[in-house]
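Q: Next up, input04.json (JSON, N, CA and C atoms).
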```json
[["chain", "number", "residue", "atom", "x", "y", "z"],
["A", 1, "MET", "N", 15.12, -20.83, -9.88],
["A", 1, "MET", "CA", 15.74, -20.13, -8.78],
["A", 1, "MET", "C", 14.70, -19.38, -7.96],
["A", 2, "PHE", "N", 13.62, -18.94, -8.57],
["A", 2, "PHE", "CA", 12.60, -18.23, -7.82],
["A", 2, "PHE", "C", 11.99, -19.15, -6.77],
["A", 3, "ASN", "N", 11.59, -18.58, -5.66],
["A", 3, "ASN", "CA", 10.98, -19.29, -4.55],
["A", 3, "ASN", "C", 11.95, -20.18, -3.79],
["A", 4, "GLU", "N", 13.22, -20.09, -4.08],
["A", 4, "GLU", "CA", 14.21, -20.88, -3.35],
["A", 4, "GLU", "C", 14.78, -20.01, -2.24],
["A", 5, "ILE", "N", 14.68, -20.50, -1.01],
["A", 5, "ILE", "CA", 15.19, -19.75, 0.13],
["A", 5, "ILE", "C", 16.67, -20.08, 0.32],
["A", 6, "ARG", "N", 17.48, -19.04, 0.45],
["A", 6, "ARG", "CA", 18.92, -19.21, 0.68],
["A", 6, "ARG", "C", 19.28, -18.59, 2.02],
["A", 7, "ILE", "N", 20.12, -19.26, 2.76],
["A", 7, "ILE", "CA", 20.58, -18.75, 4.04],
["A", 7, "ILE", "C", 21.85, -17.94, 3.80],
["A", 8, "GLY", "N", 21.89, -16.73, 4.35],
["A", 8, "GLY", "CA", 23.04, -15.84, 4.20],
["A", 8, "GLY", "C", 24.26, -16.37, 4.94],
["A", 9, "PRO", "N", 25.41, -15.74, 4.70],
["A", 9, "PRO", "CA", 26.65, -16.21, 5.31],
["A", 9, "PRO", "C", 26.61, -16.19, 6.84],
["A", 10, "SER", "N", 25.85, -15.28, 7.43],
["A", 10, "SER", "CA", 25.81, -15.21, 8.89],
["A", 10, "SER", "C", 24.89, -16.27, 9.47],
["A", 11, "SER", "N", 24.08, -16.90, 8.65],
["A", 11, "SER", "CA", 23.07, -17.90, 9.02],
["A", 11, "SER", "C", 21.93, -17.30, 9.85],
["A", 12, "TRP", "N", 21.91, -16.00, 10.01],
["A", 12, "TRP", "CA", 20.82, -15.33, 10.73],
["A", 12, "TRP", "C", 19.73, -14.85, 9.79],
["A", 13, "LEU", "N", 20.09, -14.59, 8.53],
["A", 13, "LEU", "CA", 19.11, -14.06, 7.58],
["A", 13, "LEU", "C", 19.02, -14.97, 6.36],
["A", 14, "TRP", "N", 17.80, -15.08, 5.85],
["A", 14, "TRP", "CA", 17.59, -15.82, 4.61],
["A", 14, "TRP", "C", 17.18, -14.83, 3.53],
["A", 15, "THR", "N", 17.37, -15.23, 2.28],
["A", 15, "THR", "CA", 16.90, -14.44, 1.14],
["A", 15, "THR", "C", 16.08, -15.34, 0.23],
["A", 16, "LYS", "N", 15.16, -14.71, -0.46],
["A", 16, "LYS", "CA", 14.31, -15.43, -1.41],
["A", 16, "LYS", "C", 14.11, -14.52, -2.62],
["A", 17, "LYS", "N", 14.55, -14.98, -3.80],
["A", 17, "LYS", "CA", 14.40, -14.20, -5.02],
["A", 17, "LYS", "C", 12.93, -14.12, -5.40],
["A", 18, "LEU", "N", 12.49, -12.91, -5.74],
["A", 18, "LEU", "CA", 11.12, -12.66, -6.16],
["A", 18, "LEU", "C", 11.12, -12.15, -7.59],
["A", 19, "ALA", "N", 9.98, -12.03, -8.18],
["A", 19, "ALA", "CA", 9.87, -11.50, -9.53],
["A", 19, "ALA", "C", 10.27, -10.03, -9.55],
["A", 20, "GLY", "N", 10.70, -9.55, -10.71],
["A", 20, "GLY", "CA", 11.00, -8.14, -10.88],
["A", 20, "GLY", "C", 12.29, -7.68, -10.24],
["A", 21, "GLY", "N", 13.24, -8.59, -10.04],
["A", 21, "GLY", "CA", 14.52, -8.21, -9.47],
["A", 21, "GLY", "C", 14.49, -7.90, -7.99],
["A", 22, "LYS", "N", 13.45, -8.34, -7.32],
["A", 22, "LYS", "CA", 13.32, -8.09, -5.88],
["A", 22, "LYS", "C", 13.76, -9.32, -5.10],
["A", 23, "THR", "N", 14.17, -9.07, -3.86],
["A", 23, "THR", "CA", 14.59, -10.14, -2.96],
["A", 23, "THR", "C", 13.94, -9.92, -1.60],
["A", 24, "ALA", "N", 13.32, -10.97, -1.08],
["A", 24, "ALA", "CA", 12.79, -10.91, 0.29],
["A", 24, "ALA", "C", 13.91, -11.30, 1.24],
["A", 25, "VAL", "N", 13.94, -10.65, 2.40],
["A", 25, "VAL", "CA", 14.94, -10.93, 3.43],
["A", 25, "VAL", "C", 14.19, -11.22, 4.72],
["A", 26, "GLY", "N", 14.61, -12.26, 5.43],
["A", 26, "GLY", "CA", 13.95, -12.61, 6.68],
["A", 26, "GLY", "C", 14.91, -13.20, 7.69],
["A", 27, "LEU", "N", 14.44, -13.34, 8.91],
["A", 27, "LEU", "CA", 15.21, -13.92, 10.00],
["A", 27, "LEU", "C", 15.01, -15.43, 9.98],
["A", 28, "THR", "N", 16.10, -16.19, 10.07],
["A", 28, "THR", "CA", 15.97, -17.64, 10.06],
["A", 28, "THR", "C", 15.35, -18.14, 11.36],
["A", 29, "GLU", "N", 14.78, -19.31, 11.28],
["A", 29, "GLU", "CA", 14.17, -19.93, 12.46],
["A", 29, "GLU", "C", 15.22, -20.17, 13.55],
["A", 30, "ASP", "N", 16.41, -20.61, 13.14],
["A", 30, "ASP", "CA", 17.48, -20.84, 14.11],
["A", 30, "ASP", "C", 17.88, -19.54, 14.81],
["A", 31, "ALA", "N", 17.93, -18.45, 14.06],
["A", 31, "ALA", "CA", 18.28, -17.15, 14.66],
["A", 31, "ALA", "C", 17.22, -16.72, 15.66],
["A", 32, "ALA", "N", 15.95, -16.89, 15.29],
["A", 32, "ALA", "CA", 14.86, -16.52, 16.20],
["A", 32, "ALA", "C", 14.95, -17.34, 17.49],
["A", 33, "ASP", "N", 15.26, -18.63, 17.35],
["A", 33, "ASP", "CA", 15.40, -19.48, 18.54],
["A", 33, "ASP", "C", 16.58, -19.04, 19.39],
["A", 34, "GLU", "N", 17.69, -18.71, 18.74],
["A", 34, "GLU", "CA", 18.89, -18.30, 19.48],
["A", 34, "GLU", "C", 18.68, -16.96, 20.19],
["A", 35, "CYS", "N", 17.88, -16.08, 19.60],
["A", 35, "CYS", "CA", 17.62, -14.77, 20.19],
["A", 35, "CYS", "C", 16.84, -14.86, 21.50],
["A", 36, "GLY", "N", 16.02, -15.86, 21.62],
["A", 36, "GLY", "CA", 15.09, -15.89, 22.74],
["A", 36, "GLY", "C", 13.91, -14.99, 22.40],
["A", 37, "LEU", "N", 13.26, -14.46, 23.41],
["A", 37, "LEU", "CA", 12.08, -13.64, 23.17],
["A", 37, "LEU", "C", 12.45, -12.34, 22.46],
["A", 38, "ILE", "N", 11.90, -12.14, 21.28],
["A", 38, "ILE", "CA", 12.14, -10.91, 20.51],
["A", 38, "ILE", "C", 11.06, -9.91, 20.89],
["A", 39, "VAL", "N", 11.50, -8.75, 21.40],
["A", 39, "VAL", "CA", 10.53, -7.77, 21.90],
["A", 39, "VAL", "C", 10.38, -6.56, 20.98],
["A", 40, "HIS", "N", 11.33, -6.37, 20.07],
["A", 40, "HIS", "CA", 11.25, -5.21, 19.17],
["A", 40, "HIS", "C", 12.06, -5.50, 17.92],
["A", 41, "VAL", "N", 11.55, -5.04, 16.78],
["A", 41, "VAL", "CA", 12.25, -5.16, 15.51],
["A", 41, "VAL", "C", 12.25, -3.78, 14.87],
["A", 42, "GLU", "N", 13.42, -3.31, 14.48],
["A", 42, "GLU", "CA", 13.53, -2.03, 13.79],
["A", 42, "GLU", "C", 14.06, -2.29, 12.39],
["A", 43, "LEU", "N", 13.24, -1.93, 11.40],
["A", 43, "LEU", "CA", 13.58, -2.18, 10.01],
["A", 43, "LEU", "C", 13.88, -0.86, 9.31],
["A", 44, "PRO", "N", 14.58, -0.91, 8.17],
["A", 44, "PRO", "CA", 14.78, 0.31, 7.40],
["A", 44, "PRO", "C", 13.43, 0.86, 6.94],
["A", 45, "VAL", "N", 13.43, 2.09, 6.49],
["A", 45, "VAL", "CA", 12.22, 2.72, 5.97],
["A", 45, "VAL", "C", 12.13, 2.42, 4.47],
["A", 46, "GLU", "N", 10.91, 2.22, 3.99],
["A", 46, "GLU", "CA", 10.73, 2.02, 2.56],
["A", 46, "GLU", "C", 11.33, 3.21, 1.82],
["A", 47, "GLY", "N", 12.12, 2.91, 0.80],
["A", 47, "GLY", "CA", 12.81, 3.94, 0.04],
["A", 47, "GLY", "C", 14.27, 4.09, 0.43],
["A", 48, "ASP", "N", 14.64, 3.57, 1.61],
["A", 48, "ASP", "CA", 16.05, 3.60, 2.04],
["A", 48, "ASP", "C", 16.90, 2.74, 1.11],
["A", 49, "HIS", "N", 18.14, 3.15, 0.94],
["A", 49, "HIS", "CA", 19.12, 2.34, 0.21],
["A", 49, "HIS", "C", 20.00, 1.66, 1.25],
["A", 50, "ILE", "N", 20.14, 0.36, 1.13],
["A", 50, "ILE", "CA", 20.93, -0.41, 2.09],
["A", 50, "ILE", "C", 22.12, -1.05, 1.38],
["A", 51, "LEU", "N", 23.16, -1.30, 2.16],
["A", 51, "LEU", "CA", 24.37, -1.91, 1.62],
["A", 51, "LEU", "C", 24.63, -3.26, 2.27],
["A", 52, "GLU", "N", 24.92, -4.22, 1.44],
["A", 52, "GLU", "CA", 25.26, -5.55, 1.95],
["A", 52, "GLU", "C", 26.41, -5.43, 2.95],
["A", 53, "GLY", "N", 26.24, -6.06, 4.10],
["A", 53, "GLY", "CA", 27.29, -6.07, 5.10],
["A", 53, "GLY", "C", 27.29, -4.89, 6.06],
["A", 54, "HIS", "N", 26.44, -3.87, 5.81],
["A", 54, "HIS", "CA", 26.36, -2.70, 6.70],
["A", 54, "HIS", "C", 25.07, -2.79, 7.50],
["A", 55, "PRO", "N", 25.16, -2.89, 8.82],
["A", 55, "PRO", "CA", 23.96, -3.10, 9.66],
["A", 55, "PRO", "C", 22.84, -2.10, 9.39],
["A", 56, "CYS", "N", 21.64, -2.63, 9.23],
["A", 56, "CYS", "CA", 20.46, -1.78, 9.04],
["A", 56, "CYS", "C", 19.22, -2.38, 9.70],
["A", 57, "LEU", "N", 19.38, -3.56, 10.29],
["A", 57, "LEU", "CA", 18.29, -4.24, 10.97],
["A", 57, "LEU", "C", 18.62, -4.36, 12.44],
["A", 58, "LEU", "N", 17.65, -4.08, 13.29],
["A", 58, "LEU", "CA", 17.88, -4.17, 14.73],
["A", 58, "LEU", "C", 16.85, -5.13, 15.33],
["A", 59, "ILE", "N", 17.34, -6.12, 16.04],
["A", 59, "ILE", "CA", 16.50, -7.07, 16.76],
["A", 59, "ILE", "C", 16.76, -6.85, 18.24],
["A", 60, "GLU", "N", 15.71, -6.55, 18.99],
["A", 60, "GLU", "CA", 15.86, -6.35, 20.43],
["A", 60, "GLU", "C", 15.24, -7.53, 21.16],
["A", 61, "THR", "N", 16.02, -8.11, 22.06],
["A", 61, "THR", "CA", 15.56, -9.24, 22.86],
["A", 61, "THR", "C", 15.63, -8.85, 24.33],
["A", 62, "LEU", "N", 15.20, -9.74, 25.19],
["A", 62, "LEU", "CA", 15.32, -9.47, 26.62],
["A", 62, "LEU", "C", 16.78, -9.38, 27.05],
["A", 63, "ALA", "N", 17.67, -10.01, 26.29],
["A", 63, "ALA", "CA", 19.10, -10.01, 26.63],
["A", 63, "ALA", "C", 19.85, -8.81, 26.06],
["A", 64, "GLY", "N", 19.28, -8.11, 25.09],
["A", 64, "GLY", "CA", 19.97, -6.98, 24.49],
["A", 64, "GLY", "C", 19.59, -6.78, 23.04],
["A", 65, "GLU", "N", 20.38, -5.94, 22.35],
["A", 65, "GLU", "CA", 20.11, -5.61, 20.95],
["A", 65, "GLU", "C", 21.13, -6.29, 20.04],
["A", 66, "ILE", "N", 20.65, -6.66, 18.86],
["A", 66, "ILE", "CA", 21.50, -7.28, 17.85],
["A", 66, "ILE", "C", 21.31, -6.51, 16.56],
["A", 67, "GLU", "N", 22.41, -5.98, 16.01],
["A", 67, "GLU", "CA", 22.35, -5.31, 14.71],
["A", 67, "GLU", "C", 22.77, -6.32, 13.65],
["A", 68, "LEU", "N", 22.00, -6.37, 12.58],
["A", 68, "LEU", "CA", 22.28, -7.33, 11.52],
["A", 68, "LEU", "C", 22.52, -6.62, 10.20],
["A", 69, "PRO", "N", 23.54, -7.04, 9.47],
["A", 69, "PRO", "CA", 23.77, -6.49, 8.14],
["A", 69, "PRO", "C", 22.96, -7.26, 7.10],
["A", 70, "PRO", "N", 22.39, -6.58, 6.13],
["A", 70, "PRO", "CA", 21.62, -7.29, 5.11],
["A", 70, "PRO", "C", 22.54, -8.08, 4.18],
["A", 71, "PRO", "N", 22.03, -9.18, 3.62],
["A", 71, "PRO", "CA", 22.82, -9.98, 2.70],
["A", 71, "PRO", "C", 22.77, -9.48, 1.26],
["A", 72, "VAL", "N", 22.07, -8.37, 1.02],
["A", 72, "VAL", "CA", 21.95, -7.79, -0.32],
["A", 72, "VAL", "C", 22.04, -6.27, -0.23],
["A", 73, "SER", "N", 22.35, -5.64, -1.37],
["A", 73, "SER", "CA", 22.34, -4.18, -1.48],
["A", 73, "SER", "C", 21.19, -3.77, -2.37],
["A", 74, "GLY", "N", 20.63, -2.59, -2.11],
["A", 74, "GLY", "CA", 19.57, -2.09, -2.97],
["A", 74, "GLY", "C", 18.64, -1.15, -2.25],
["A", 75, "LYS", "N", 17.49, -0.94, -2.87],
["A", 75, "LYS", "CA", 16.47, -0.04, -2.35],
["A", 75, "LYS", "C", 15.38, -0.86, -1.65],
["A", 76, "VAL", "N", 15.06, -0.48, -0.42],
["A", 76, "VAL", "CA", 13.99, -1.16, 0.32],
["A", 76, "VAL", "C", 12.66, -0.71, -0.28],
["A", 77, "VAL", "N", 11.90, -1.66, -0.82],
["A", 77, "VAL", "CA", 10.63, -1.32, -1.46],
["A", 77, "VAL", "C", 9.43, -1.67, -0.61],
["A", 78, "LEU", "N", 9.63, -2.54, 0.39],
["A", 78, "LEU", "CA", 8.52, -2.94, 1.25],
["A", 78, "LEU", "C", 9.07, -3.49, 2.56],
["A", 79, "VAL", "N", 8.46, -3.09, 3.67],
["A", 79, "VAL", "CA", 8.81, -3.68, 4.97],
["A", 79, "VAL", "C", 7.57, -4.36, 5.52],
["A", 80, "ASN", "N", 7.78, -5.36, 6.35],
["A", 80, "ASN", "CA", 6.68, -6.12, 6.92],
["A", 80, "ASN", "C", 6.22, -5.45, 8.22],
["A", 81, "GLY", "N", 5.25, -4.57, 8.09],
["A", 81, "GLY", "CA", 4.72, -3.84, 9.23],
["A", 81, "GLY", "C", 4.12, -4.75, 10.29],
["A", 82, "LEU", "N", 3.62, -5.90, 9.89],
["A", 82, "LEU", "CA", 3.04, -6.85, 10.84],
["A", 82, "LEU", "C", 4.09, -7.35, 11.82],
["A", 83, "VAL", "N", 5.28, -7.62, 11.32],
["A", 83, "VAL", "CA", 6.37, -8.08, 12.18],
["A", 83, "VAL", "C", 6.87, -6.94, 13.06],
["A", 84, "GLU", "N", 6.88, -5.72, 12.52],
["A", 84, "GLU", "CA", 7.29, -4.57, 13.34],
["A", 84, "GLU", "C", 6.33, -4.37, 14.51],
["A", 85, "LYS", "N", 5.04, -4.53, 14.25],
["A", 85, "LYS", "CA", 4.04, -4.34, 15.31],
["A", 85, "LYS", "C", 3.99, -5.50, 16.29],
["A", 86, "ASN", "N", 4.29, -6.70, 15.81],
["A", 86, "ASN", "CA", 4.22, -7.89, 16.66],
["A", 86, "ASN", "C", 5.43, -8.79, 16.39],
["A", 87, "PRO", "N", 6.62, -8.42, 16.92],
["A", 87, "PRO", "CA", 7.84, -9.17, 16.61],
["A", 87, "PRO", "C", 7.82, -10.61, 17.09],
["A", 88, "GLY", "N", 6.96, -10.94, 18.04],
["A", 88, "GLY", "CA", 6.86, -12.31, 18.51],
["A", 88, "GLY", "C", 6.43, -13.28, 17.42],
["A", 89, "LEU", "N", 5.84, -12.76, 16.34],
["A", 89, "LEU", "CA", 5.44, -13.61, 15.22],
["A", 89, "LEU", "C", 6.64, -14.33, 14.61],
["A", 90, "LEU", "N", 7.82, -13.75, 14.76],
["A", 90, "LEU", "CA", 9.02, -14.37, 14.19],
["A", 90, "LEU", "C", 9.28, -15.76, 14.78],
["A", 91, "HIS", "N", 8.70, -16.04, 15.93],
["A", 91, "HIS", "CA", 8.87, -17.36, 16.55],
["A", 91, "HIS", "C", 7.80, -18.36, 16.13],
["A", 92, "TYR", "N", 6.66, -17.88, 15.65],
["A", 92, "TYR", "CA", 5.52, -18.77, 15.46],
["A", 92, "TYR", "C", 4.98, -18.88, 14.04],
["A", 93, "GLN", "N", 5.33, -17.95, 13.19],
["A", 93, "GLN", "CA", 4.81, -17.97, 11.83],
["A", 93, "GLN", "C", 5.79, -18.65, 10.88],
["A", 94, "PRO", "N", 5.29, -19.25, 9.82],
["A", 94, "PRO", "CA", 6.17, -19.87, 8.83],
["A", 94, "PRO", "C", 7.11, -18.81, 8.23],
["A", 95, "VAL", "N", 8.28, -19.26, 7.82],
["A", 95, "VAL", "CA", 9.29, -18.37, 7.27],
["A", 95, "VAL", "C", 8.74, -17.49, 6.15],
["A", 96, "ASP", "N", 7.94, -18.05, 5.26],
["A", 96, "ASP", "CA", 7.47, -17.26, 4.12],
["A", 96, "ASP", "C", 6.48, -16.16, 4.51],
["A", 97, "ARG", "N", 5.94, -16.18, 5.72],
["A", 97, "ARG", "CA", 5.03, -15.12, 6.17],
["A", 97, "ARG", "C", 5.74, -14.10, 7.03],
["A", 98, "CYS", "N", 6.90, -14.44, 7.54],
["A", 98, "CYS", "CA", 7.61, -13.55, 8.46],
["A", 98, "CYS", "C", 8.87, -12.97, 7.85],
["A", 99, "TRP", "N", 8.79, -12.58, 6.61],
["A", 99, "TRP", "CA", 9.89, -11.86, 5.98],
["A", 99, "TRP", "C", 9.99, -10.49, 6.65],
["A", 100, "LEU", "N", 11.15, -9.88, 6.58],
["A", 100, "LEU", "CA", 11.36, -8.58, 7.19],
["A", 100, "LEU", "C", 11.20, -7.44, 6.18],
["A", 101, "MET", "N", 11.77, -7.62, 4.99],
["A", 101, "MET", "CA", 11.70, -6.56, 3.98],
["A", 101, "MET", "C", 11.89, -7.14, 2.59],
["A", 102, "GLU", "N", 11.47, -6.36, 1.60],
["A", 102, "GLU", "CA", 11.75, -6.68, 0.20],
["A", 102, "GLU", "C", 12.68, -5.60, -0.33],
["A", 103, "VAL", "N", 13.70, -6.04, -1.06],
["A", 103, "VAL", "CA", 14.72, -5.14, -1.57],
["A", 103, "VAL", "C", 14.80, -5.28, -3.09],
["A", 104, "GLU", "N", 14.82, -4.14, -3.77],
["A", 104, "GLU", "CA", 15.09, -4.12, -5.20],
["A", 104, "GLU", "C", 16.60, -4.08, -5.33],
["A", 105, "GLU", "N", 17.19, -5.20, -5.70],
["A", 105, "GLU", "CA", 18.65, -5.30, -5.67],
["A", 105, "GLU", "C", 19.30, -4.36, -6.68],
["A", 106, "GLN", "N", 20.38, -3.73, -6.21],
["A", 106, "GLN", "CA", 21.18, -2.83, -7.04],
["A", 106, "GLN", "C", 22.62, -3.00, -6.60],
["A", 107, "GLU", "N", 23.51, -3.14, -7.55],
["A", 107, "GLU", "CA", 24.93, -3.27, -7.21],
["A", 107, "GLU", "C", 25.54, -1.90, -7.02],
["A", 108, "GLY", "N", 26.44, -1.80, -6.06],
["A", 108, "GLY", "CA", 27.18, -0.56, -5.84],
["A", 108, "GLY", "C", 26.36, 0.60, -5.34],
["A", 109, "VAL", "N", 25.29, 0.31, -4.62],
["A", 109, "VAL", "CA", 24.42, 1.37, -4.10],
["A", 109, "VAL", "C", 25.14, 2.13, -3.02]]
```
Could you write out this file's structure as structure tokens?

A:
Amino acid sequence: MFNEIRIGPSSWLWTKKLAGGKTAVGLTEDAADECGLIVHVELPVEGDHILEGHPCLLIETLAGEIELPPPVSGKVVLVNGLVEKNPGLLHYQPVDRCWLMEVEEQEGV
């Protein structure tokens, strides 16, 4: 199961199980294409607790803002600062390099 990328129910976010009960979350290639030019990405802060289905990710495009709910619940242990600084990478980098955050999954957070 590790290293297998799964597309969330919204088809905008993917998840990838990592070692130690962590899950990487990223924007799918189809979502990036549908967004058009991504000009800003706002991610949760490391240490934040997020809830599945409750918006915590913000993607800003030339057309407007899109709030996305995470497909998992837990504690954010790492965010991809490179994507925050240069959101255009979401269009050009391979999926495994353009993850948005890593979450230590916890039920009922």

Q: So that all listed atoms of stretch 47-56 of chain A fit with 3 Å spare on each side, what axis-aligned box centre and edge lengths in Å, to one decimal, would you give as lines of an AutoDock Vina configuration file?

A:
```
center_x = 19.7
center_y = -1.0
center_z = 4.9
size_x = 21.2
size_y = 16.2
size_z = 15.7
```

Q: Within 8 Å of stretch 88-90 of chain A, counting only N, CA and C atoms, which residues show up once you throw out same-chain ones fewer than 3 positions away? Write them as a PyMOL selection string, please.

A: chain A and resi 27-29+32-33+37-41+82-85+93-95+97-99

Q: Interatomic distance between atom CA of A:Leu18 and atom CA of A:Glu65?

A: 29.4 Å

Q: Which residue out of A:Leu13, A:Val45, A:Leu58, A:Leu68 has the minimum interatomic distance to A:Ala31 when only N, CA and C atoms are used?

A: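 Using only N, CA and C atoms, the shortest distance to A:Ala31 belongs to A:Leu13.
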
Q: List the neighbours of A:Pro69 out to 5 Å using all atoms listed in the file; skip same-chain residues closer than 4 positions along the sequence, and give me the result as a list in words.

A: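 Near A:Pro69, the qualifying residues are Gly53, His54, Pro55 and Cys56 of chain A.
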
Q: For A:Val103, which residue among A:Gly81, A:Pro87, A:Gly36, A:Gly74 is the nearest when counting all atoms listed in the file?

A: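 Of A:Gly81, A:Pro87, A:Gly36, A:Gly74, the one nearest A:Val103 is A:Gly74, counting all atoms listed in the file.
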
Q: So the first atom is atom C of A:Glu46 and the second is atom CA of A:Lys22; what is the distance between them in Å, to one decimal place?

A: 13.8 Å

Q: Nearest to A:Asp30: which of A:His91, A:Ser73, A:Ile59, A:Gln106 is it, counting only C-alpha atoms?

A: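 Result for the nearest residue to A:Asp30: A:His91.
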
Q: Nearest to A:Val25 among A:Asp96, A:Met101, A:Leu51, A:Val76, with distances taken over only N, CA and C atoms: which residue is it?

A: A:Met101

Q: Find the residue from A:Pro44, A:Asn80, A:Asn86, A:Trp12 that sits nearest to A:Ile66; use only C-alpha atoms when measuring.

A: A:Trp12

Q: Work out how far apart atom N of A:Gly20 and atom C of A:Glu67 are and give it in Å to one decimal.

A: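 If I compute the distance from atom N of A:Gly20 to atom C of A:Glu67, I get 27.4 Å.
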
Q: Give the strand (DSSP E) residues of chain A, as assigned by DSSP on the backbone, as an NGL selection string.

A: :A and (5-7 or 13-17 or 22-27 or 38-42 or 49-50 or 57-61 or 64-68 or 74-79 or 99-105)

Q: Considering only N, CA and C atoms, can you say which of A:Val77, A:Ile50, A:Ala63, A:Val72 comes closest to A:Cys35?

A: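 Of the candidates, the smallest distance to A:Cys35 is held by A:Ala63.
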
Q: Per DSSP on the backbone, what are the alpha helix (DSSP H) residues of stretch 60-104 of chain A, as a list of chain:residue names?

A: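 So the alpha helix (DSSP H) residues in stretch 60-104 of chain A would be A:Gly81, A:Leu82, A:Val83, A:Glu84, A:Lys85, A:Leu89, A:Leu90, A:His91, A:Tyr92.
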